[in-house]
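Student: Provided herewith is a single structure, encoded as structure tokens, for subsequent inquiry.
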Amino acid sequence: MNQMVKNILTAVCVIFVILLFILTTGTGNHDVAEKPSPDEAINMLKAGNQRFVEGKSEYPHTNAARLEQAGKENQGDHAYATVITCSDSRVPVELIFDAGIMDIFVIRVAGNVCDVDEIGSIEYGLAHVNTPVLVILGHTQCGAVTAVTHAVHGTGHALERNIPPLVDNIEPAVKRAMAAHPDIHGDEIIPYAIEENVWKGIEDLFMNSPASRNIVNDGKAKVVGAIYDVSTGKVSWLPEEKSIEILKKVEANPLRAMEAMAGGGHGGESGHGTKVEHAAPVESKHEKAAAHH
């Protein structure tokens with residue numbers, strides 16, 4: 001009888017261990033619920049940048065074990081931030097945030113503009129990689145903003161045919177900076193234009209992405225702006241309140257895009273519960289390029 005009890009207890013212990021293993025290591029998206037909150041994710045980025053600036057980088061998640069994970073697991077179970085920034089070689093995203101493999105979903109384009117392709121990538125990062133924060137990261141000495149500023153001043157040079165439709169998103173930012181600082185002239189306006197370009201990117205995103213608006217309005221993620229100083233390594237964070245103000249302004253704009261899902265989609269939700277709304281056309285890059293030529 002005692003042996004039978006022992007066998008039963010042993011079997012119960014084995015079952016318990018198996019269940020515990022399944023609950024803690026299963027094969028589904030179990031880690032998504034354990035991701036940091038938007039504020040926690042921002043603090044992780046801030047802490048990583050502080051380590052980088054102080055020369056105390058830990059280079060997390062860069063070993064062979066992480067590579068093995070990457071070959072077996074979904075990035076959506078790990079990435080805690082989507083970052084869109086410039087293609088500039090002086091802005092190494094993972095390094096400046098002291099992050100590793102599967103930590104940050106990165107989008108890079110000259111001038112960190114939010115156009116069709118970039119917004120689609122952002123939507124993927126927020127709705128499918130399930131990152132709790134999007135950072136639109138400008139940087140000092142931005143060549144794209146500088147080139148547009150010179151063009152606005154009438155001192156620019158000829159550009160290859162595909163560059164104007166790429167950087168035309170920046171022109172309104174330069175003009176806003178000039179209007180806000182009429183006493184500043186020449187290249188001295190560029191730092192202000194770089195910041196305005198971040199705000200313009202947030203506005204362009206919200207105007208053309210109902211999915212992103214819904215995710216932010218539902219509290220699933222935050223969209224924030226920041227400026228990286230290429231000479232010090234420090235990221236300066238722009239006020240979150242202005243991002244919220246931009247979102248509210250866009251929500252009141254009748255010209256905002258209203259259809260969250262692409263044609264042929266199934267159901268009314270995706271990722272964070274994106275709601276299907278009414279359609280509004282969005283100009284493609286091909287249409288913009290044609291308009292320039």
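By convention here, the chains of the structure tokens are called A, B, ... in the order presented, each chain's residues are numbered starting at 1, and ligands are numbered starting at 1 in the order presented.
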Please, which residues in region 158-256 of chain A fall within 9 Å of region 46-67 of chain A when counting only C-alpha atoms, and what is the closest atom pair and distance in Å to one decimal for each, ordered by chain then residue number, as CSV?

Tutor:
```
residue,atom,partner,partner_atom,distance
A:Thr232,CA,A:Val53,CA,7.2
A:Gly233,CA,A:Val53,CA,5.6
A:Lys234,CA,A:Val53,CA,6.1
A:Val235,CA,A:Asn49,CA,6.8
A:Trp237,CA,A:Lys46,CA,8.8
```

Student: Please return as a PyMOL selection string: the residues of region 32-147 of chain A that backbone DSSP assigns to strand (DSSP E or B).

Tutor: chain A and resi 81-85+104-108+133-139

Student: As a ChimeraX atom specification, please: the residues near region 72-75 of chain A (cut-off 8 Å, only C-alpha atoms, same-chain neighbours under 4 positions excluded).

Tutor: /A:29,68,79,102,129

Student: So that I can see what lies close to Gly111 (chain A), please list as a ChimeraX atom specification the residues with an atom at most 12 Å from it, counting only C-alpha atoms and leaving out residues fewer than 2 positions away in the same chain.

Tutor: /A:84-88,91,107-109,113-115,118,136-148,163-164,166-171,173,193-198,200-201
